[in-house]
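Reproduced below: work_27.txt, with compact mmCIF, C-alpha atoms.
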```txt
# COMPACT_ATOMS: atom_id res chain seq x y z
CA MET A 271 -23.62 7.18 -4.28
CA THR A 272 -20.86 9.09 -6.10
CA SER A 273 -18.54 8.79 -3.11
CA ALA A 274 -19.16 5.03 -3.09
CA VAL A 275 -18.26 4.88 -6.80
CA ILE A 276 -14.98 6.73 -6.20
CA ILE A 277 -13.97 4.84 -3.06
CA ILE A 278 -14.55 1.44 -4.66
CA LEU A 279 -13.00 2.42 -8.00
CA ARG A 280 -9.82 3.63 -6.28
CA GLU A 281 -9.38 0.27 -4.59
CA VAL A 282 -10.43 -1.88 -7.56
CA LEU A 283 -8.19 -0.09 -10.06
CA GLU A 284 -4.90 -1.08 -8.44
CA ALA A 285 -5.91 -4.70 -7.93
CA MET A 286 -7.34 -5.01 -11.45
CA LEU A 287 -4.14 -3.78 -13.11
CA LEU A 288 -2.16 -6.44 -11.27
CA ILE A 289 -4.65 -9.26 -11.89
CA CYS A 290 -5.10 -8.51 -15.59
CA THR A 291 -1.37 -8.14 -16.24
CA LEU A 292 -0.60 -11.45 -14.53
CA MET A 293 -3.40 -13.14 -16.51
CA ALA A 294 -2.08 -11.75 -19.79
CA SER A 295 1.44 -12.79 -18.85
CA ALA A 296 0.30 -16.34 -18.02
CA ARG A 297 -1.55 -16.64 -21.33
CA ALA A 298 1.46 -15.25 -23.24
CA VAL A 299 3.59 -18.22 -22.13
CA GLY A 300 0.77 -20.67 -22.79
CA LEU A 301 -0.29 -21.25 -19.18
CA HIS A 302 -3.94 -21.83 -18.36
CA ILE A 303 -5.67 -19.43 -15.96
CA ARG A 304 -7.94 -21.95 -14.28
CA TRP A 305 -6.26 -21.07 -10.95
CA MET A 306 -7.75 -17.58 -11.13
CA PRO A 307 -11.08 -18.27 -9.33
CA PHE A 308 -9.12 -19.98 -6.56
CA ALA A 309 -6.84 -16.94 -6.07
CA ILE A 310 -9.88 -14.64 -6.07
CA VAL A 311 -11.75 -16.74 -3.50
CA VAL A 312 -8.66 -16.77 -1.23
CA GLY A 313 -8.33 -13.00 -1.75
CA ILE A 314 -11.98 -12.36 -0.84
CA SER A 315 -11.72 -14.58 2.26
CA GLY A 316 -8.52 -12.78 3.21
CA ALA A 317 -10.26 -9.41 2.82
CA PHE A 318 -13.18 -10.50 5.05
CA SER A 319 -10.85 -11.83 7.73
CA TYR A 320 -8.66 -8.73 7.63
CA ALA A 321 -11.70 -6.45 7.93
CA LEU A 322 -13.28 -8.49 10.74
CA PHE A 323 -10.10 -8.52 12.81
CA LEU A 324 -8.96 -5.01 11.90
CA SER A 325 -9.59 -3.64 15.43
CA GLU A 326 -7.44 -6.38 16.96
CA ILE A 327 -4.80 -6.09 14.23
CA SER A 328 -4.68 -2.28 14.59
CA SER A 329 -4.12 -2.40 18.33
CA SER A 330 -1.34 -4.98 18.06
CA PHE A 331 2.32 -3.98 17.67
CA ASP A 332 1.87 -0.88 19.89
CA GLY A 333 -0.98 0.35 17.68
CA PHE A 334 0.84 -0.16 14.41
CA GLY A 335 -0.47 -3.59 13.45
CA GLN A 336 -2.23 -2.16 10.40
CA GLU A 337 0.97 -0.58 9.06
CA ILE A 338 2.97 -3.74 9.72
CA VAL A 339 0.44 -6.11 8.12
CA ASN A 340 -0.05 -3.78 5.13
CA SER A 341 3.66 -3.39 4.48
CA ALA A 342 4.24 -7.13 4.96
CA LEU A 343 1.50 -7.85 2.39
CA LEU A 344 2.90 -5.28 -0.04
CA ILE A 345 6.48 -6.53 0.27
CA THR A 346 5.44 -10.19 -0.10
CA VAL A 347 3.45 -9.33 -3.24
CA THR A 348 6.50 -7.51 -4.63
CA ILE A 349 8.78 -10.50 -4.01
CA CYS A 350 6.21 -12.73 -5.76
CA LEU A 351 6.16 -10.31 -8.71
CA VAL A 352 9.94 -10.32 -9.11
CA VAL A 353 9.94 -14.15 -8.96
CA HIS A 354 7.09 -14.14 -11.48
CA ASN A 355 9.19 -12.18 -13.97
CA PHE A 356 12.04 -14.67 -13.70
CA VAL A 357 9.81 -17.74 -13.97
CA ALA A 358 7.69 -16.40 -16.84
CA ILE A 359 10.75 -15.71 -19.00
CA ARG A 360 12.23 -19.11 -18.10
CA ILE A 361 9.02 -20.88 -19.13
CA ASN A 362 9.03 -18.89 -22.37
CA GLY A 363 12.60 -20.00 -23.08
CA ILE A 364 12.76 -23.63 -21.96
CA GLY A 365 9.12 -24.71 -22.03
CA ARG A 366 6.53 -25.58 -19.44
CA SER A 367 8.38 -27.83 -17.04
CA THR A 368 6.18 -28.97 -14.14
CA HIS A 369 8.11 -27.26 -11.36
CA LEU A 370 8.36 -23.93 -13.19
CA VAL A 371 4.62 -23.98 -13.92
CA ARG A 372 3.86 -24.79 -10.28
CA LEU A 373 6.11 -22.00 -9.04
CA SER A 374 4.63 -19.57 -11.53
CA ILE A 375 1.04 -20.34 -10.51
CA ALA A 376 1.98 -20.23 -6.80
CA VAL A 377 3.53 -16.75 -7.02
CA MET A 378 0.69 -15.39 -9.16
CA CYS A 379 -1.97 -16.78 -6.79
CA THR A 380 -0.16 -15.40 -3.73
CA ALA A 381 0.28 -11.97 -5.30
CA ILE A 382 -3.36 -11.72 -6.36
CA ALA A 383 -4.78 -13.06 -3.08
CA MET A 384 -2.62 -10.75 -0.96
CA ALA A 385 -3.28 -7.67 -3.07
CA MET A 386 -7.02 -8.38 -2.87
CA THR A 387 -6.85 -8.89 0.90
CA ARG A 388 -5.54 -5.39 1.46
CA GLU A 389 -7.77 -3.58 -1.02
CA GLY A 390 -10.84 -5.73 -0.33
CA ALA A 391 -10.81 -5.19 3.44
CA GLU A 392 -11.24 -1.45 3.00
CA MET A 393 -14.06 -1.91 0.49
CA TYR A 394 -15.86 -4.33 2.78
CA LEU A 395 -15.54 -1.97 5.80
CA TYR A 396 -16.95 0.91 3.82
CA VAL A 397 -19.83 -0.96 2.23
CA TYR A 398 -20.79 -2.72 5.46
CA ALA A 399 -20.61 0.33 7.77
CA TYR A 400 -22.01 2.99 5.45
CA GLY A 401 -24.32 0.81 3.39
CA VAL A 402 -25.66 -2.11 5.39
CA LEU A 403 -25.45 -0.71 8.96
CA ALA A 404 -26.46 2.84 8.02
CA GLY A 405 -29.51 1.55 6.14
CA GLU A 406 -28.28 3.01 2.85
CA THR A 407 -27.72 -0.40 1.36
CA LEU A 408 -29.17 0.37 -2.05
CA SER A 409 -27.34 3.63 -2.72
CA VAL A 410 -23.96 2.45 -1.40
CA LEU A 411 -24.23 -0.97 -3.04
CA SER A 412 -25.23 0.48 -6.41
CA GLY A 413 -22.35 2.96 -6.16
CA ALA A 414 -20.01 0.09 -5.29
CA VAL A 415 -21.27 -1.97 -8.23
CA ILE A 416 -20.75 0.94 -10.63
CA GLY A 417 -17.25 1.60 -9.24
CA ALA A 418 -16.34 -2.07 -9.48
CA GLY A 419 -17.88 -2.19 -12.97
CA ILE A 420 -15.72 0.69 -14.22
CA GLY A 421 -12.67 -0.99 -12.63
CA LEU A 422 -13.51 -4.33 -14.27
CA SER A 423 -14.04 -2.68 -17.67
CA LEU A 424 -10.67 -0.91 -17.45
CA GLY A 425 -9.10 -4.22 -16.41
CA THR A 426 -10.67 -6.02 -19.37
CA PHE A 427 -9.37 -3.26 -21.62
CA VAL A 428 -5.84 -3.72 -20.21
CA TYR A 429 -6.07 -7.52 -20.56
CA TYR A 430 -7.21 -7.55 -24.16
CA GLY A 431 -4.87 -4.70 -24.99
CA LEU A 432 -1.94 -6.76 -23.75
CA ARG A 433 -3.25 -9.92 -25.41
CA SER A 434 -3.51 -8.17 -28.77
CA LEU A 435 0.29 -7.87 -28.82
CA SER A 436 2.41 -10.72 -30.10
CA PRO A 437 3.06 -13.24 -27.25
CA ARG A 438 6.69 -12.22 -26.93
CA VAL A 439 5.99 -8.48 -26.84
CA CYS A 440 3.06 -9.13 -24.50
CA LEU A 441 5.32 -11.10 -22.13
CA PHE A 442 7.97 -8.37 -21.95
CA THR A 443 5.39 -5.62 -21.59
CA CYS A 444 3.74 -7.53 -18.74
CA ALA A 445 7.15 -8.00 -17.08
CA GLY A 446 7.71 -4.24 -17.30
CA VAL A 447 4.27 -3.44 -15.87
CA VAL A 448 4.81 -6.02 -13.11
CA ALA A 449 8.18 -4.43 -12.17
CA VAL A 450 6.55 -0.98 -11.93
CA VAL A 451 3.54 -2.27 -9.95
CA GLY A 452 5.97 -3.95 -7.52
CA ALA A 453 7.96 -0.74 -7.17
CA SER A 454 4.85 1.28 -6.39
CA MET A 455 3.89 -1.29 -3.75
CA VAL A 456 7.30 -1.02 -2.10
CA SER A 457 6.94 2.75 -2.19
CA GLN A 458 3.58 2.45 -0.38
CA ALA A 459 5.13 0.09 2.15
CA THR A 460 7.81 2.66 3.01
CA LEU A 461 5.07 5.19 3.72
CA TYR A 462 3.34 2.78 6.11
CA LEU A 463 6.62 2.07 7.88
CA SER A 464 7.42 5.76 8.27
CA GLN A 465 3.84 6.42 9.46
CA ALA A 466 4.55 3.89 12.24
CA ASP A 467 7.93 5.57 12.93
CA ILE A 468 9.72 2.31 12.08
CA LEU A 469 11.49 3.95 9.15
CA GLN A 470 13.18 7.30 9.70
CA MET A 471 10.90 10.11 8.57
CA GLN A 472 12.33 12.36 5.87
CA ALA A 473 11.47 15.55 4.12
CA PRO A 474 10.21 15.05 0.53
CA VAL A 475 12.81 15.37 -2.23
CA TRP A 476 10.47 17.36 -4.46
CA ASP A 477 6.84 18.40 -4.63
CA THR A 478 5.00 18.22 -7.94
CA SER A 479 1.51 18.61 -6.46
CA ASN A 480 1.01 21.90 -8.31
CA ILE A 481 1.75 20.12 -11.62
CA VAL A 482 -0.23 16.91 -11.04
CA SER A 483 -2.14 16.80 -7.77
CA GLU A 484 -2.56 13.32 -6.29
CA SER A 485 -6.22 14.09 -5.67
CA SER A 486 -6.89 14.87 -9.35
CA LEU A 487 -8.19 12.20 -11.73
CA LEU A 488 -4.86 12.08 -13.55
CA GLY A 489 -3.03 11.90 -10.21
CA GLU A 490 -5.23 9.01 -9.06
CA LEU A 491 -4.71 7.14 -12.34
CA LEU A 492 -0.95 7.71 -12.22
CA HIS A 493 -0.90 6.61 -8.59
CA ALA A 494 -2.79 3.41 -9.37
CA SER A 495 -0.67 2.60 -12.43
CA ILE A 496 2.89 3.71 -11.68
CA GLY A 497 2.68 4.61 -7.98
CA TYR A 498 2.86 8.35 -8.57
CA GLU A 499 3.60 10.37 -5.43
CA ALA A 500 3.69 14.16 -5.62
CA SER A 501 6.13 14.47 -2.72
CA PRO A 502 8.26 11.33 -2.40
CA THR A 503 11.06 10.87 0.13
CA LEU A 504 14.58 9.76 -0.76
CA THR A 505 14.08 6.28 0.73
CA GLN A 506 10.89 5.89 -1.27
CA LEU A 507 12.62 6.88 -4.52
CA MET A 508 15.62 4.64 -3.87
CA LEU A 509 13.47 1.61 -3.04
CA TYR A 510 11.27 2.29 -6.07
CA LEU A 511 14.33 2.26 -8.34
CA VAL A 512 15.81 -0.81 -6.60
CA THR A 513 12.55 -2.72 -7.14
CA VAL A 514 12.20 -1.75 -10.81
CA THR A 515 15.84 -2.81 -11.26
CA ALA A 516 15.17 -6.11 -9.47
CA GLY A 517 12.17 -6.75 -11.73
CA ILE A 518 14.26 -6.09 -14.84
CA ALA A 519 17.26 -8.00 -13.46
CA ALA A 520 15.00 -11.04 -12.96
CA VAL A 521 14.09 -10.87 -16.66
CA ILE A 522 17.73 -10.48 -17.74
CA ALA A 523 18.88 -13.35 -15.48
CA ALA A 524 16.20 -15.62 -16.94
CA LEU A 525 17.11 -14.63 -20.52
CA TRP A 526 20.78 -15.31 -19.79
CA LEU A 527 19.99 -18.76 -18.32
CA ASN A 528 17.75 -19.49 -21.32
CA SER A 529 20.50 -18.60 -23.78
CA SER A 530 23.15 -20.60 -21.93
CA LYS A 531 20.82 -23.60 -22.04
CA GLU A 532 20.38 -23.13 -25.79
CA ALA A 533 24.15 -22.91 -26.25
CA GLU A 534 24.57 -26.36 -24.68
CA MET B 222 37.71 -10.55 39.54
CA LYS B 223 37.69 -6.93 40.61
CA SER B 224 38.46 -5.71 37.13
CA ARG B 225 35.60 -7.79 35.76
CA LYS B 226 33.23 -6.08 38.21
CA SER B 227 34.32 -2.60 37.23
CA ASN B 228 34.06 -3.67 33.64
CA TRP B 229 30.42 -4.54 34.31
CA ARG B 230 29.81 -1.09 35.84
CA ILE B 231 31.34 0.64 32.87
CA ARG B 232 29.07 -1.35 30.61
CA VAL B 233 25.95 -0.32 32.57
CA LEU B 234 27.05 3.30 32.51
CA PHE B 235 27.78 3.08 28.82
CA GLY B 236 24.41 1.41 28.20
CA ALA B 237 22.63 4.14 30.19
CA CYS B 238 24.37 6.80 28.15
CA LEU B 239 23.03 5.16 25.02
CA VAL B 240 19.52 4.47 26.28
CA LEU B 241 18.75 7.69 28.20
CA PRO B 242 19.06 10.14 25.31
CA SER B 243 16.70 7.97 23.28
CA PHE B 244 14.10 8.30 26.07
CA MET B 245 14.66 12.03 26.13
CA VAL B 246 14.18 12.23 22.37
CA HIS B 247 11.03 10.15 22.73
CA ALA B 248 9.66 12.51 25.38
CA GLN B 249 10.22 15.43 23.04
CA THR B 250 7.86 14.07 20.36
CA LEU B 251 4.87 16.38 20.43
CA GLU B 252 1.51 14.66 20.82
CA VAL B 253 -1.52 16.19 19.13
CA GLU B 254 -5.09 14.91 19.32
CA LEU B 255 -7.65 14.96 16.54
CA VAL B 256 -11.23 13.85 17.20
CA ILE B 257 -13.70 12.44 14.67
CA ARG B 258 -17.29 13.11 15.74
CA GLU B 259 -20.33 12.74 13.49
CA HIS B 260 -18.02 12.53 10.46
CA LEU B 261 -16.34 15.85 11.24
CA PHE B 262 -12.82 16.55 12.46
CA TYR B 263 -12.28 18.49 15.71
CA PRO B 264 -10.34 20.74 15.46
CA SER B 265 -10.60 21.09 11.70
CA GLU B 266 -7.47 23.27 11.73
CA LEU B 267 -4.56 22.01 13.72
CA SER B 268 -1.50 24.20 14.28
CA VAL B 269 1.76 22.37 14.84
CA PRO B 270 5.38 23.49 14.98
CA ALA B 271 7.33 23.01 11.74
CA GLY B 272 10.50 20.94 11.60
CA GLN B 273 9.48 18.53 14.32
CA LYS B 274 8.18 14.96 14.47
CA ILE B 275 4.59 14.84 15.68
CA LYS B 276 2.57 11.99 17.11
CA LEU B 277 -0.95 12.54 15.84
CA ILE B 278 -3.56 10.66 17.85
CA VAL B 279 -6.78 10.27 15.87
CA ILE B 280 -9.72 9.48 18.14
CA ASN B 281 -12.79 8.15 16.35
CA GLU B 282 -15.81 8.76 18.58
CA ASP B 283 -18.24 7.58 15.89
CA ALA B 284 -19.40 3.99 15.75
CA THR B 285 -18.40 3.79 12.08
CA PRO B 286 -14.88 3.25 10.76
CA GLU B 287 -13.09 6.14 9.08
CA GLU B 288 -9.94 6.36 7.02
CA PHE B 289 -7.69 9.25 7.97
CA GLU B 290 -5.98 10.23 4.75
CA SER B 291 -3.77 13.01 3.43
CA TYR B 292 -2.04 13.25 0.07
CA GLU B 293 0.15 16.10 1.30
CA LEU B 294 1.26 14.25 4.41
CA ASN B 295 1.43 10.89 2.56
CA ARG B 296 -0.59 9.22 5.27
CA GLU B 297 -3.52 6.80 5.38
CA LYS B 298 -4.89 4.77 8.23
CA VAL B 299 -8.21 3.13 8.96
CA ILE B 300 -9.51 4.09 12.42
CA MET B 301 -12.22 1.65 13.46
CA GLY B 302 -15.34 2.94 15.27
CA ARG B 303 -14.76 4.00 18.89
CA THR B 304 -11.03 3.41 18.73
CA ARG B 305 -7.97 5.59 18.38
CA GLY B 306 -5.02 5.34 16.07
CA ILE B 307 -1.56 6.85 16.04
CA VAL B 308 -0.06 8.41 12.94
CA PHE B 309 3.43 9.86 13.03
CA ILE B 310 3.91 12.91 10.82
CA GLY B 311 6.64 15.43 10.13
CA PRO B 312 9.12 17.00 10.37
CA LEU B 313 7.06 19.38 8.21
CA LYS B 314 8.08 22.46 6.29
CA PRO B 315 5.94 25.51 7.16
CA GLY B 316 2.71 25.34 5.21
CA GLU B 317 -0.76 23.83 5.04
CA TYR B 318 -1.42 20.11 4.81
CA PRO B 319 -5.03 19.17 4.10
CA PHE B 320 -6.39 15.84 5.37
CA PHE B 321 -9.75 14.11 5.01
CA GLY B 322 -11.80 11.13 6.05
CA GLU B 323 -11.99 8.95 2.96
CA PHE B 324 -15.32 7.41 3.94
CA ASN B 325 -16.97 10.84 4.47
CA ILE B 326 -15.04 13.04 2.13
CA LYS B 327 -17.85 15.64 1.87
CA THR B 328 -17.84 16.50 5.58
CA ALA B 329 -14.65 15.11 7.09
CA GLN B 330 -12.13 17.72 5.98
CA GLY B 331 -9.39 19.50 7.84
CA LYS B 332 -5.86 20.77 7.64
CA ILE B 333 -2.66 20.82 9.59
CA ILE B 334 -0.88 24.15 9.65
CA ALA B 335 2.83 23.85 10.28
CA GLN B 336 4.49 27.08 11.38
```

Rewrite the structure from the file as structure tokens, please.
Amino acid sequence: MTSAVIIILREVLEAMLLICTLMASARAVGLHIRWMPFAIVVGISGAFSYALFLSEISSSFDGFGQEIVNSALLITVTICLVVHNFVAIRINGIGRSTHLVRLSIAVMCTAIAMAMTREGAEMYLYVYAYGVLAGETLSVLSGAVIGAGIGLSLGTFVYYGLRSLSPRVCLFTCAGVVAVVGASMVSQATLYLSQADILQMQAPVWDTSNIVSESSLLGELLHASIGYEASPTLTQLMLYLVTVTAGIAAVIAALWLNSSKEAE
Amino acid sequence: MKSRKSNWRIRVLFGACLVLPSFMVHAQTLEVELVIREHLFYPSELSVPAGQKIKLIVINEDATPEEFESYELNREKVIMGRTRGIVFIGPLKPGEYPFFGEFNIKTAQGKIIAQ
């Protein structure tokens, strides 16, 4: 049961941080979050489909279908997150125009559904194979429920923590978190691409595993929140920085457009 | 007309010069097999040469899916039941690189020793 708790918590944590930050960001600019159940349903359906076809997907692309689909999902989510930052700040500056609101909801739904697809597929595979098929339904399911419960509680904590800030501070904090989450997703995508030998493999730039091991609780939390890697490669580091910069640049560009509009 | 023909030959030769070494490099990639049986890795210790790219073939003989994972190697891949998956690793510095099966972390443990 404990292994079920850990496996599910690891997956839920990353998705929850993203979902709760986007929710807080939407509320900070006065958007409703009625689209949330829709995004979650699409995400769950995506996870089921991904898990059901994982054998076929894995054997495609010369056996690297999994790496290609995962990195495509991660990169698409990141693009959505950068667009989100731009749109959220624009809405905050010039008000809720219909097309900005539509774009904002579209990128948030896509990001949440795609992130859930990737994380959810693994959870489903585990629970189905080791719980339902192995006849350990009760122990695995209760472990999964506890893991998901801890993840949900932490998510709620993050959401209300962000919401307790003033709307403006909340918005900018969310934009910062979103930029870092995007960067950690790009960093994961580079690992998948090098695992498939699509990206040139490199030696790590440094190794901090004796300071904070990735398998420790702190390491896991840092990995889920800021994409901590004990032994990153140069490409990973560069792309991480590029993505954080893109996330911040989107905010600055939107602020600049907002101020030029005000000047008129 | 003649010059165009010789031009064509030079291009083929040039192309072969470019393509052949890449095949030779490909042939040099060491292939290593790792079997998952009853939620255990065989062999649980895998010696590989350091400083070289390695094609690790993970063969899951169990009916259940497993996730091959390693923090030290920065690798993770779901291997469905009764299938095999390829994971490229390296070039590695000499040392030990533990790996595990995420779905059976208590039993499915092993390490790659690069030397």

Output as a ChimeraX atom specification the set of chain B residues within 9 Å of chain A, with distances taken over only C-alpha atoms.
/B:274,284-288,292-302,304-314,323-327

Just the selected residues (C-alpha atoms), exported as a compact mmCIF listing (two decimals), keeping the file's coordinate frame, please.
```txt
# COMPACT_ATOMS: atom_id res chain seq x y z
CA LYS B 274 8.18 14.96 14.47
CA ALA B 284 -19.40 3.99 15.75
CA THR B 285 -18.40 3.79 12.08
CA PRO B 286 -14.88 3.25 10.76
CA GLU B 287 -13.09 6.14 9.08
CA GLU B 288 -9.94 6.36 7.02
CA TYR B 292 -2.04 13.25 0.07
CA GLU B 293 0.15 16.10 1.30
CA LEU B 294 1.26 14.25 4.41
CA ASN B 295 1.43 10.89 2.56
CA ARG B 296 -0.59 9.22 5.27
CA GLU B 297 -3.52 6.80 5.38
CA LYS B 298 -4.89 4.77 8.23
CA VAL B 299 -8.21 3.13 8.96
CA ILE B 300 -9.51 4.09 12.42
CA MET B 301 -12.22 1.65 13.46
CA GLY B 302 -15.34 2.94 15.27
CA THR B 304 -11.03 3.41 18.73
CA ARG B 305 -7.97 5.59 18.38
CA GLY B 306 -5.02 5.34 16.07
CA ILE B 307 -1.56 6.85 16.04
CA VAL B 308 -0.06 8.41 12.94
CA PHE B 309 3.43 9.86 13.03
CA ILE B 310 3.91 12.91 10.82
CA GLY B 311 6.64 15.43 10.13
CA PRO B 312 9.12 17.00 10.37
CA LEU B 313 7.06 19.38 8.21
CA LYS B 314 8.08 22.46 6.29
CA GLU B 323 -11.99 8.95 2.96
CA PHE B 324 -15.32 7.41 3.94
CA ASN B 325 -16.97 10.84 4.47
CA ILE B 326 -15.04 13.04 2.13
CA LYS B 327 -17.85 15.64 1.87
```

What is the CA of Phe321 (chain B)-CA of Met386 (chain A) distance in Å, reported with one decimal?
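A separation of 24.0 Å between them.
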
What is the CA of Val410 (chain A) to CA of Gly331 (chain B) distance in Å?
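Separating CA of Val410 (chain A) from CA of Gly331 (chain B) is a distance of 24.3 Å.
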
Dig up all the protein and nucleic acid residues within 12 Å of (3.8, -6.8, -21.4) in the file frame, using all atoms listed in the file, and format them as JSON, numbers by chain.
{"A": [287, 288, 290, 291, 292, 293, 294, 295, 296, 297, 298, 299, 355, 358, 359, 428, 429, 430, 431, 432, 433, 434, 435, 436, 437, 438, 439, 440, 441, 442, 443, 444, 445, 446, 447, 448, 449, 450]}

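One finds CA of Phe289 (chain B) at 18.6 Å from CA of Ser330 (chain A).
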
Around all the atoms of region 303-321 of chain B listed in the file, with 4 Å of room on each side, what axis-aligned box do you get, giving centre and edge lengths in Å to one decimal, as JSON?
```
{"center_x": -2.8, "center_y": 14.5, "center_z": 11.5, "size_x": 31.9, "size_y": 30.1, "size_z": 22.8}
```

With distances taken over only C-alpha atoms, which residue among A:Tyr394, A:Gly452, A:Ser409, A:Ile382 lies nearest Ala309 (chain A)?
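Distance minimum relative to Ala309 (chain A) lands on A:Ile382.
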
Spatial neighbours of Ser315 (chain A), max dist 12 Å, all atoms listed in the file, sep filter under 2 positions, as a short mmCIF file (atom, residue, chain, number, x, y, z; two decimals) with C-alpha atoms, keeping the file's coordinate frame:
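What follows is the written file part05.cif:
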```cif
data_model
loop_
_atom_site.label_atom_id
_atom_site.label_comp_id
_atom_site.auth_asym_id
_atom_site.auth_seq_id
_atom_site.Cartn_x
_atom_site.Cartn_y
_atom_site.Cartn_z
CA PHE A 308 -9.12 -19.98 -6.56
CA ALA A 309 -6.84 -16.94 -6.07
CA ILE A 310 -9.88 -14.64 -6.07
CA VAL A 311 -11.75 -16.74 -3.50
CA VAL A 312 -8.66 -16.77 -1.23
CA GLY A 313 -8.33 -13.00 -1.75
CA ALA A 317 -10.26 -9.41 2.82
CA PHE A 318 -13.18 -10.50 5.05
CA SER A 319 -10.85 -11.83 7.73
CA TYR A 320 -8.66 -8.73 7.63
CA ALA A 321 -11.70 -6.45 7.93
CA LEU A 322 -13.28 -8.49 10.74
CA ALA A 383 -4.78 -13.06 -3.08
CA MET A 384 -2.62 -10.75 -0.96
CA MET A 386 -7.02 -8.38 -2.87
CA THR A 387 -6.85 -8.89 0.90
CA ARG A 388 -5.54 -5.39 1.46
CA GLY A 390 -10.84 -5.73 -0.33
CA ALA A 391 -10.81 -5.19 3.44
CA TYR A 394 -15.86 -4.33 2.78
#
```

Spatial neighbours of Val269 (chain B), max dist 7 Å, all atoms listed in the file, sep filter under 4 positions, as a PyMOL selection string
chain B and resi 334-336

Residue selection dump (C-alpha atoms) as an mmCIF file, in the coordinates of the input:
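Output contents, as saved in again.cif:
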```cif
data_model
loop_
_atom_site.group_PDB
_atom_site.id
_atom_site.type_symbol
_atom_site.label_atom_id
_atom_site.label_comp_id
_atom_site.auth_asym_id
_atom_site.auth_seq_id
_atom_site.Cartn_x
_atom_site.Cartn_y
_atom_site.Cartn_z
ATOM 1 C CA ILE B 334 -0.880 24.150 9.650
ATOM 2 C CA ALA B 335 2.830 23.850 10.280
ATOM 3 C CA GLN B 336 4.490 27.080 11.380
#
```

Would you fill the gaps in region 471-483 of chain A so it has N, CA and C atoms, then print it as a short mmCIF file (atom, residue, chain, number, x, y, z; two decimals), keeping the file's coordinate frame?
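New file part-v2.cif:
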```cif
data_model
loop_
_atom_site.label_atom_id
_atom_site.label_comp_id
_atom_site.auth_asym_id
_atom_site.auth_seq_id
_atom_site.Cartn_x
_atom_site.Cartn_y
_atom_site.Cartn_z
N MET A 471 11.69 9.20 9.39
CA MET A 471 10.90 10.11 8.57
C MET A 471 11.81 11.13 7.89
N GLN A 472 11.49 11.44 6.65
CA GLN A 472 12.33 12.36 5.87
C GLN A 472 11.49 13.42 5.21
N ALA A 473 12.16 14.50 4.88
CA ALA A 473 11.47 15.55 4.12
C ALA A 473 11.38 15.08 2.67
N PRO A 474 10.31 15.45 1.94
CA PRO A 474 10.21 15.05 0.53
C PRO A 474 11.34 15.64 -0.31
N VAL A 475 11.73 14.90 -1.36
CA VAL A 475 12.81 15.37 -2.23
C VAL A 475 12.31 16.48 -3.15
N TRP A 476 11.09 16.30 -3.65
CA TRP A 476 10.47 17.36 -4.46
C TRP A 476 8.97 17.34 -4.23
N ASP A 477 8.29 18.35 -4.78
CA ASP A 477 6.84 18.40 -4.63
C ASP A 477 6.24 18.84 -5.96
N THR A 478 5.57 17.90 -6.63
CA THR A 478 5.00 18.22 -7.94
C THR A 478 3.47 18.34 -7.85
N SER A 479 2.97 18.60 -6.62
CA SER A 479 1.51 18.61 -6.46
C SER A 479 0.86 19.76 -7.23
N ASN A 480 1.63 20.83 -7.52
CA ASN A 480 1.01 21.90 -8.31
C ASN A 480 1.03 21.59 -9.82
N ILE A 481 1.78 20.55 -10.21
CA ILE A 481 1.75 20.12 -11.62
C ILE A 481 0.66 19.05 -11.78
N VAL A 482 0.82 17.94 -11.05
CA VAL A 482 -0.23 16.91 -11.04
C VAL A 482 -0.56 16.62 -9.58
N SER A 483 -1.74 17.05 -9.15
CA SER A 483 -2.14 16.80 -7.77
C SER A 483 -2.56 15.33 -7.63
#
```
